[in-house]
$ cat target34.tsv   # TSV, N, CA, C and O atoms
chain	number	residue	atom	x	y	z
B	8	MET	N	66.13	152.96	153.20
B	8	MET	CA	67.39	153.57	152.84
B	8	MET	C	68.54	152.72	153.36
B	8	MET	O	68.49	152.19	154.46
B	9	ALA	N	69.55	152.56	152.55
B	9	ALA	CA	70.69	151.71	152.90
B	9	ALA	C	71.55	152.37	153.98
B	9	ALA	O	71.67	153.59	154.03
B	10	ASP	N	72.13	151.52	154.82
B	10	ASP	CA	73.04	152.03	155.85
B	10	ASP	C	74.33	152.51	155.20
B	10	ASP	O	74.84	151.89	154.26
B	11	PRO	N	74.92	153.60	155.72
B	11	PRO	CA	76.20	154.06	155.16
B	11	PRO	C	77.33	153.11	155.55
B	11	PRO	O	77.28	152.44	156.58
B	12	PHE	N	78.32	153.05	154.70
B	12	PHE	CA	79.48	152.20	154.97
B	12	PHE	C	80.38	152.88	155.99
B	12	PHE	O	80.56	154.09	155.98
B	13	THR	N	80.98	152.06	156.85
B	13	THR	CA	81.96	152.59	157.78
B	13	THR	C	83.36	152.37	157.21
B	13	THR	O	83.56	151.55	156.31
B	14	VAL	N	84.32	153.09	157.74
B	14	VAL	CA	85.70	152.97	157.28
B	14	VAL	C	86.23	151.56	157.55
B	14	VAL	O	86.91	150.96	156.71
B	15	GLU	N	85.89	151.02	158.70
B	15	GLU	CA	86.37	149.68	159.07
B	15	GLU	C	85.81	148.62	158.11
B	15	GLU	O	86.53	147.69	157.72
B	16	HIS	N	84.55	148.76	157.74
B	16	HIS	CA	83.94	147.79	156.82
B	16	HIS	C	84.61	147.83	155.45
B	16	HIS	O	84.94	146.79	154.88
B	17	VAL	N	84.82	149.02	154.94
B	17	VAL	CA	85.47	149.16	153.63
B	17	VAL	C	86.90	148.64	153.69
B	17	VAL	O	87.36	147.95	152.78
B	18	HIS	N	87.60	148.92	154.77
B	18	HIS	CA	88.97	148.44	154.92
B	18	HIS	C	89.01	146.92	154.96
B	18	HIS	O	89.89	146.29	154.34
B	19	ASP	N	88.09	146.30	155.69
B	19	ASP	CA	88.04	144.84	155.75
B	19	ASP	C	87.73	144.23	154.38
B	19	ASP	O	88.34	143.22	154.00
B	20	VAL	N	86.82	144.82	153.65
B	20	VAL	CA	86.47	144.30	152.32
B	20	VAL	C	87.67	144.41	151.38
B	20	VAL	O	87.98	143.47	150.63
B	21	LEU	N	88.36	145.53	151.40
B	21	LEU	CA	89.54	145.70	150.54
B	21	LEU	C	90.66	144.74	150.94
B	21	LEU	O	91.35	144.20	150.08
B	22	ARG	N	90.86	144.51	152.23
B	22	ARG	CA	91.89	143.57	152.67
B	22	ARG	C	91.56	142.15	152.22
B	22	ARG	O	92.43	141.42	151.74
B	23	GLN	N	90.31	141.75	152.34
B	23	GLN	CA	89.91	140.42	151.90
B	23	GLN	C	90.09	140.27	150.39
B	23	GLN	O	90.54	139.23	149.91
B	24	TYR	N	89.74	141.30	149.64
B	24	TYR	CA	89.89	141.26	148.19
B	24	TYR	C	91.36	141.14	147.79
B	24	TYR	O	91.70	140.35	146.92
B	25	SER	N	92.23	141.90	148.45
B	25	SER	CA	93.65	141.84	148.09
B	25	SER	C	94.29	140.53	148.53
B	25	SER	O	95.24	140.06	147.90
B	26	CYS	N	93.78	139.92	149.60
B	26	CYS	CA	94.31	138.61	150.02
B	26	CYS	C	93.91	137.50	149.05
B	26	CYS	O	94.65	136.54	148.85
B	27	LYS	N	92.75	137.63	148.44
B	27	LYS	CA	92.28	136.62	147.48
B	27	LYS	C	92.97	136.76	146.13
B	27	LYS	O	92.95	135.83	145.33
B	28	ARG	N	93.54	137.92	145.85
B	28	ARG	CA	94.17	138.20	144.56
B	28	ARG	C	95.67	138.45	144.75
B	28	ARG	O	96.11	139.58	144.89
B	29	PRO	N	96.51	137.40	144.79
B	29	PRO	CA	97.94	137.61	144.99
B	29	PRO	C	98.64	138.24	143.79
B	29	PRO	O	99.79	138.65	143.88
B	30	ASP	N	97.96	138.31	142.64
B	30	ASP	CA	98.58	138.87	141.45
B	30	ASP	C	98.55	140.39	141.43
B	30	ASP	O	99.13	141.01	140.54
B	31	ILE	N	97.88	141.02	142.39
B	31	ILE	CA	97.88	142.47	142.48
B	31	ILE	C	98.40	142.87	143.85
B	31	ILE	O	98.47	142.06	144.76
B	32	GLY	N	98.78	144.11	144.01
B	32	GLY	CA	99.20	144.59	145.31
B	32	GLY	C	100.56	145.25	145.28
B	32	GLY	O	101.28	145.24	144.28
B	33	THR	N	100.90	145.82	146.41
B	33	THR	CA	102.14	146.55	146.53
B	33	THR	C	103.35	145.64	146.46
B	33	THR	O	104.36	145.98	145.84
B	34	GLY	N	103.28	144.48	147.09
B	34	GLY	CA	104.40	143.55	147.06
B	34	GLY	C	104.73	143.08	145.65
B	34	GLY	O	105.90	143.02	145.26
B	35	LYS	N	103.71	142.78	144.90
B	35	LYS	CA	103.90	142.35	143.51
B	35	LYS	C	104.48	143.48	142.67
B	35	LYS	O	105.39	143.27	141.86
B	36	ALA	N	104.00	144.70	142.88
B	36	ALA	CA	104.52	145.85	142.13
B	36	ALA	C	105.97	146.12	142.48
B	36	ALA	O	106.79	146.44	141.60
B	37	LEU	N	106.33	145.98	143.76
B	37	LEU	CA	107.71	146.19	144.18
B	37	LEU	C	108.63	145.14	143.59
B	37	LEU	O	109.71	145.46	143.08
B	38	LEU	N	108.21	143.88	143.60
B	38	LEU	CA	109.03	142.83	143.01
B	38	LEU	C	109.17	142.99	141.50
B	38	LEU	O	110.24	142.75	140.94
B	39	ASP	N	108.11	143.41	140.84
B	39	ASP	CA	108.18	143.64	139.40
B	39	ASP	C	109.11	144.80	139.07
B	39	ASP	O	109.74	144.82	138.01
B	40	ALA	N	109.21	145.79	139.95
B	40	ALA	CA	110.09	146.93	139.71
B	40	ALA	C	111.55	146.58	139.92
B	40	ALA	O	112.42	147.12	139.26
B	41	VAL	N	111.83	145.64	140.83
B	41	VAL	CA	113.21	145.32	141.20
B	41	VAL	C	113.76	144.13	140.43
B	41	VAL	O	114.96	144.07	140.14
B	42	LEU	N	112.92	143.17	140.07
B	42	LEU	CA	113.38	141.95	139.42
B	42	LEU	C	113.10	141.98	137.92
B	42	LEU	O	112.18	142.65	137.46
B	43	GLU	N	113.92	141.25	137.19
B	43	GLU	CA	113.71	141.11	135.75
B	43	GLU	C	112.40	140.39	135.49
B	43	GLU	O	111.93	139.63	136.32
B	44	PRO	N	111.78	140.60	134.33
B	44	PRO	CA	110.53	139.90	134.03
B	44	PRO	C	110.75	138.38	133.99
B	44	PRO	O	111.78	137.91	133.52
B	45	GLY	N	109.78	137.66	134.48
B	45	GLY	CA	109.86	136.22	134.48
B	45	GLY	C	109.49	135.62	133.14
B	45	GLY	O	108.84	136.25	132.31
B	46	SER	N	109.91	134.39	132.93
B	46	SER	CA	109.58	133.69	131.71
B	46	SER	C	108.14	133.17	131.78
B	46	SER	O	107.79	132.48	132.74
B	47	PRO	N	107.32	133.46	130.80
B	47	PRO	CA	105.95	132.95	130.85
B	47	PRO	C	105.88	131.44	130.60
B	47	PRO	O	104.87	130.82	130.90
B	48	PHE	N	106.94	130.85	130.07
B	48	PHE	CA	106.94	129.43	129.75
B	48	PHE	C	107.55	128.57	130.85
B	48	PHE	O	107.36	127.36	130.86
B	49	ASP	N	108.31	129.19	131.76
B	49	ASP	CA	108.95	128.45	132.85
B	49	ASP	C	108.63	129.16	134.15
B	49	ASP	O	109.29	130.12	134.54
B	50	SER	N	107.62	128.68	134.85
B	50	SER	CA	107.16	129.36	136.06
B	50	SER	C	108.08	129.11	137.25
B	50	SER	O	108.01	129.82	138.25
B	51	LYS	N	108.97	128.11	137.18
B	51	LYS	CA	109.84	127.79	138.30
B	51	LYS	C	111.22	128.44	138.19
B	51	LYS	O	112.05	128.25	139.06
B	52	SER	N	111.47	129.19	137.14
B	52	SER	CA	112.77	129.84	136.99
B	52	SER	C	112.87	131.02	137.96
B	52	SER	O	111.88	131.66	138.30
B	53	HIS	N	114.10	131.27	138.41
B	53	HIS	CA	114.34	132.36	139.35
B	53	HIS	C	114.51	133.66	138.58
B	53	HIS	O	115.12	133.70	137.52
B	54	ARG	N	113.97	134.72	139.14
B	54	ARG	CA	114.09	136.03	138.52
B	54	ARG	C	115.31	136.74	139.10
B	54	ARG	O	115.46	136.84	140.31
B	55	GLN	N	116.17	137.23	138.23
B	55	GLN	CA	117.37	137.92	138.65
B	55	GLN	C	117.05	139.39	138.95
B	55	GLN	O	116.15	139.97	138.35
B	56	PRO	N	117.81	140.02	139.87
B	56	PRO	CA	117.58	141.44	140.12
B	56	PRO	C	118.05	142.29	138.95
B	56	PRO	O	118.96	141.90	138.21
B	57	LYS	N	117.42	143.44	138.78
B	57	LYS	CA	117.81	144.33	137.70
B	57	LYS	C	119.16	144.97	138.01
B	57	LYS	O	119.53	145.14	139.17
B	58	ARG	N	119.88	145.35	136.97
B	58	ARG	CA	121.22	145.90	137.15
B	58	ARG	C	121.19	147.20	137.94
B	58	ARG	O	122.05	147.44	138.78
B	59	TRP	N	120.23	148.06	137.67
B	59	TRP	CA	120.19	149.34	138.37
B	59	TRP	C	119.95	149.15	139.86
B	59	TRP	O	120.46	149.90	140.69
B	60	PHE	N	119.20	148.12	140.23
B	60	PHE	CA	118.94	147.87	141.64
B	60	PHE	C	120.20	147.37	142.35
B	60	PHE	O	120.51	147.82	143.46
B	61	VAL	N	120.93	146.48	141.69
B	61	VAL	CA	122.17	145.98	142.28
B	61	VAL	C	123.18	147.12	142.43
B	61	VAL	O	123.82	147.27	143.48
B	62	LEU	N	123.32	147.93	141.39
B	62	LEU	CA	124.27	149.03	141.44
B	62	LEU	C	123.89	150.04	142.51
B	62	LEU	O	124.74	150.48	143.29
B	63	SER	N	122.64	150.41	142.59
B	63	SER	CA	122.23	151.39	143.60
B	63	SER	C	122.35	150.83	145.01
B	63	SER	O	122.69	151.56	145.94
B	64	SER	N	122.13	149.53	145.18
B	64	SER	CA	122.30	148.90	146.49
B	64	SER	C	123.76	148.92	146.91
B	64	SER	O	124.09	149.23	148.07
B	65	LEU	N	124.65	148.60	145.98
B	65	LEU	CA	126.08	148.63	146.28
B	65	LEU	C	126.56	150.04	146.59
B	65	LEU	O	127.35	150.24	147.52
B	66	LEU	N	126.09	151.01	145.83
B	66	LEU	CA	126.49	152.40	146.09
B	66	LEU	C	125.96	152.88	147.44
B	66	LEU	O	126.66	153.58	148.18
B	67	ALA	N	124.74	152.53	147.79
B	67	ALA	CA	124.18	152.92	149.08
B	67	ALA	C	124.97	152.28	150.22
B	67	ALA	O	125.27	152.94	151.23
B	68	PHE	N	125.35	151.02	150.07
B	68	PHE	CA	126.16	150.36	151.08
B	68	PHE	C	127.53	151.00	151.19
B	68	PHE	O	128.05	151.19	152.30
B	69	LEU	N	128.14	151.37	150.07
B	69	LEU	CA	129.44	152.02	150.07
B	69	LEU	C	129.38	153.37	150.77
B	69	LEU	O	130.26	153.71	151.58
B	70	VAL	N	128.36	154.16	150.48
B	70	VAL	CA	128.19	155.46	151.14
B	70	VAL	C	127.99	155.27	152.64
B	70	VAL	O	128.60	155.99	153.46
B	71	PHE	N	127.21	154.32	153.03
B	71	PHE	CA	126.99	154.03	154.45
B	71	PHE	C	128.27	153.59	155.13
B	71	PHE	O	128.59	154.04	156.23
B	72	ALA	N	129.04	152.72	154.47
B	72	ALA	CA	130.30	152.24	155.04
B	72	ALA	C	131.30	153.39	155.18
B	72	ALA	O	132.01	153.48	156.19
B	73	CYS	N	131.37	154.27	154.20
B	73	CYS	CA	132.26	155.43	154.29
B	73	CYS	C	131.83	156.35	155.43
B	73	CYS	O	132.67	156.88	156.17
B	74	PHE	N	130.55	156.57	155.58
B	74	PHE	CA	130.04	157.40	156.66
B	74	PHE	C	130.43	156.82	158.02
B	74	PHE	O	130.91	157.54	158.91
B	75	VAL	N	130.24	155.53	158.18
B	75	VAL	CA	130.57	154.87	159.45
B	75	VAL	C	132.07	154.91	159.69
B	75	VAL	O	132.53	155.22	160.79
B	76	TYR	N	132.88	154.64	158.66
B	76	TYR	CA	134.33	154.59	158.82
B	76	TYR	C	134.91	155.97	159.15
B	76	TYR	O	135.72	156.11	160.07
B	77	PHE	N	134.51	156.99	158.41
B	77	PHE	CA	135.10	158.30	158.61
B	77	PHE	C	134.55	159.03	159.83
B	77	PHE	O	135.15	160.01	160.28
B	78	ASN	N	133.47	158.59	160.38
B	78	ASN	CA	132.96	159.16	161.62
B	78	ASN	C	133.35	158.31	162.80
B	78	ASN	O	132.87	158.54	163.92
B	79	LYS	N	134.24	157.35	162.58
B	79	LYS	CA	134.80	156.50	163.63
B	79	LYS	C	133.71	155.82	164.48
B	79	LYS	O	133.79	155.75	165.69
B	80	LEU	N	132.67	155.36	163.80
B	80	LEU	CA	131.61	154.64	164.48
B	80	LEU	C	131.85	153.13	164.45
B	80	LEU	O	131.08	152.37	165.01
B	81	TRP	N	132.91	152.72	163.81
B	81	TRP	CA	133.19	151.30	163.67
B	81	TRP	C	133.88	150.76	164.89
B	81	TRP	O	134.79	151.11	165.42

$ encode --input "target34.tsv" --output "structure tokens"
Amino acid sequence: MADPFTVEHVHDVLRQYSCKRPDIGTGKALLDAVLEPGSPFDSKSHRQPKRWFVLSSLLAFLVFACFVYFNKLW
């Protein structure tokens, strides 16, 4: 009868698998959600951030700055 797998063994196998495959994973999914799609013909081109991400980042910074200013934390 085969030995049961331990949590540590399964975790190590999954970590090794994800390290060998840079095209999958949370980091890739996060970058794909925030950046515009890349050109399949030009792999060295820079990907620009999406408009909604830039706008939401600016609004979050503005809200934070207003909070700090009006609470006299500056």

$ closest_residue --input "target34.tsv" --among "B:His18, B:Ala9, B:Val41, B:Lys51" --to "Ser64 in chain B" --atoms "only C-alpha atoms"
B:Val41

$ atom_distance --input "target34.tsv" --atom1 "atom O of Val75 in chain B" --atom2 "atom O of Val61 in chain B"
20.9 Å

$ atom_distance --input "target34.tsv" --atom1 "CA of Asp39 in chain B" --atom2 "CA of Arg58 in chain B"
13.4 Å

$ residues_around --input "target34.tsv" --residues "Gln55 in chain B" --least-positions-apart "2" --cutoff "5 Å" --atoms "all atoms listed in the file" --output "PyMOL selection string"
chain B and resi 41-43+53+57

$ atom_distance --input "target34.tsv" --atom1 "CA of Ala40 in chain B" --atom2 "CA of Cys73 in chain B"
27.9 Å

$ select_by_dssp --input "target34.tsv" --residues "chain B" --states "alpha helix (DSSP H)" --output "PyMOL selection string"
chain B and resi 14-27+33-41+58-77

$ decode --input "target34.tsv" --residues "chain B" --atoms "C-alpha atoms" --output "short mmCIF file (atom, residue, chain, number, x, y, z; two decimals), in the first residue's frame"
data_model
loop_
_atom_site.label_atom_id
_atom_site.label_comp_id
_atom_site.auth_asym_id
_atom_site.auth_seq_id
_atom_site.Cartn_x
_atom_site.Cartn_y
_atom_site.Cartn_z
CA MET B 8 0.00 0.00 0.00
CA ALA B 9 1.29 3.44 -0.92
CA ASP B 10 2.28 5.92 1.77
CA PRO B 11 -0.12 8.85 2.21
CA PHE B 12 1.04 12.26 1.07
CA THR B 13 1.89 14.86 3.68
CA VAL B 14 0.94 18.51 3.42
CA GLU B 15 4.59 19.55 3.26
CA HIS B 16 5.30 17.18 0.37
CA VAL B 17 2.35 18.40 -1.66
CA HIS B 18 3.27 22.02 -0.94
CA ASP B 19 6.86 21.45 -2.08
CA VAL B 20 5.72 19.74 -5.29
CA LEU B 21 3.31 22.58 -6.11
CA ARG B 22 5.98 25.21 -5.39
CA GLN B 23 8.47 23.46 -7.67
CA TYR B 24 5.85 23.17 -10.41
CA SER B 25 4.93 26.85 -10.22
CA CYS B 26 8.61 27.89 -10.23
CA LYS B 27 9.21 25.90 -13.42
CA ARG B 28 6.18 27.48 -15.12
CA PRO B 29 6.52 31.31 -15.06
CA ASP B 30 3.57 31.64 -17.46
CA ILE B 31 1.09 30.70 -14.71
CA GLY B 32 0.61 31.98 -11.20
CA THR B 33 -0.75 34.82 -9.16
CA GLY B 34 1.86 37.35 -10.26
CA LYS B 35 1.12 36.75 -13.92
CA ALA B 36 -2.64 37.00 -13.30
CA LEU B 37 -2.20 40.26 -11.38
CA LEU B 38 -0.06 41.79 -14.12
CA ASP B 39 -2.52 40.68 -16.79
CA ALA B 40 -5.36 42.31 -14.84
CA VAL B 41 -3.54 45.64 -14.41
CA LEU B 42 -1.59 45.99 -17.67
CA GLU B 43 -2.79 46.19 -21.25
CA PRO B 44 -2.31 43.03 -23.33
CA GLY B 45 1.13 42.70 -24.84
CA SER B 46 1.89 42.48 -28.52
CA PRO B 47 2.46 38.89 -29.62
CA PHE B 48 4.80 40.11 -32.38
CA ASP B 49 7.01 42.36 -30.23
CA SER B 50 8.06 40.69 -27.00
CA LYS B 51 10.27 43.61 -25.90
CA SER B 52 7.56 46.27 -25.98
CA HIS B 53 6.45 47.76 -22.67
CA ARG B 54 2.93 47.15 -21.49
CA GLN B 55 1.05 50.26 -20.41
CA PRO B 56 -1.22 50.26 -17.34
CA LYS B 57 -4.95 50.10 -17.94
CA ARG B 58 -6.92 53.33 -17.61
CA TRP B 59 -9.12 52.09 -14.79
CA PHE B 60 -6.06 51.15 -12.74
CA VAL B 61 -4.45 54.56 -13.17
CA LEU B 62 -7.70 56.34 -12.34
CA SER B 63 -8.40 54.23 -9.26
CA SER B 64 -4.81 54.67 -8.06
CA LEU B 65 -5.06 58.44 -8.40
CA LEU B 66 -8.41 58.52 -6.62
CA ALA B 67 -7.10 56.35 -3.78
CA PHE B 68 -4.09 58.64 -3.39
CA LEU B 69 -6.35 61.71 -3.42
CA VAL B 70 -8.62 60.23 -0.72
CA PHE B 71 -5.59 59.34 1.38
CA ALA B 72 -4.09 62.82 0.95
CA CYS B 73 -7.39 64.46 1.95
CA PHE B 74 -7.64 62.22 5.00
CA VAL B 75 -4.11 63.11 6.09
CA TYR B 76 -4.56 66.84 5.39
CA PHE B 77 -7.92 67.28 7.11
CA ASN B 78 -6.89 65.25 10.14
CA LYS B 79 -3.78 67.41 10.49
CA LEU B 80 -1.43 64.45 10.28
CA TRP B 81 0.84 66.25 7.85
#
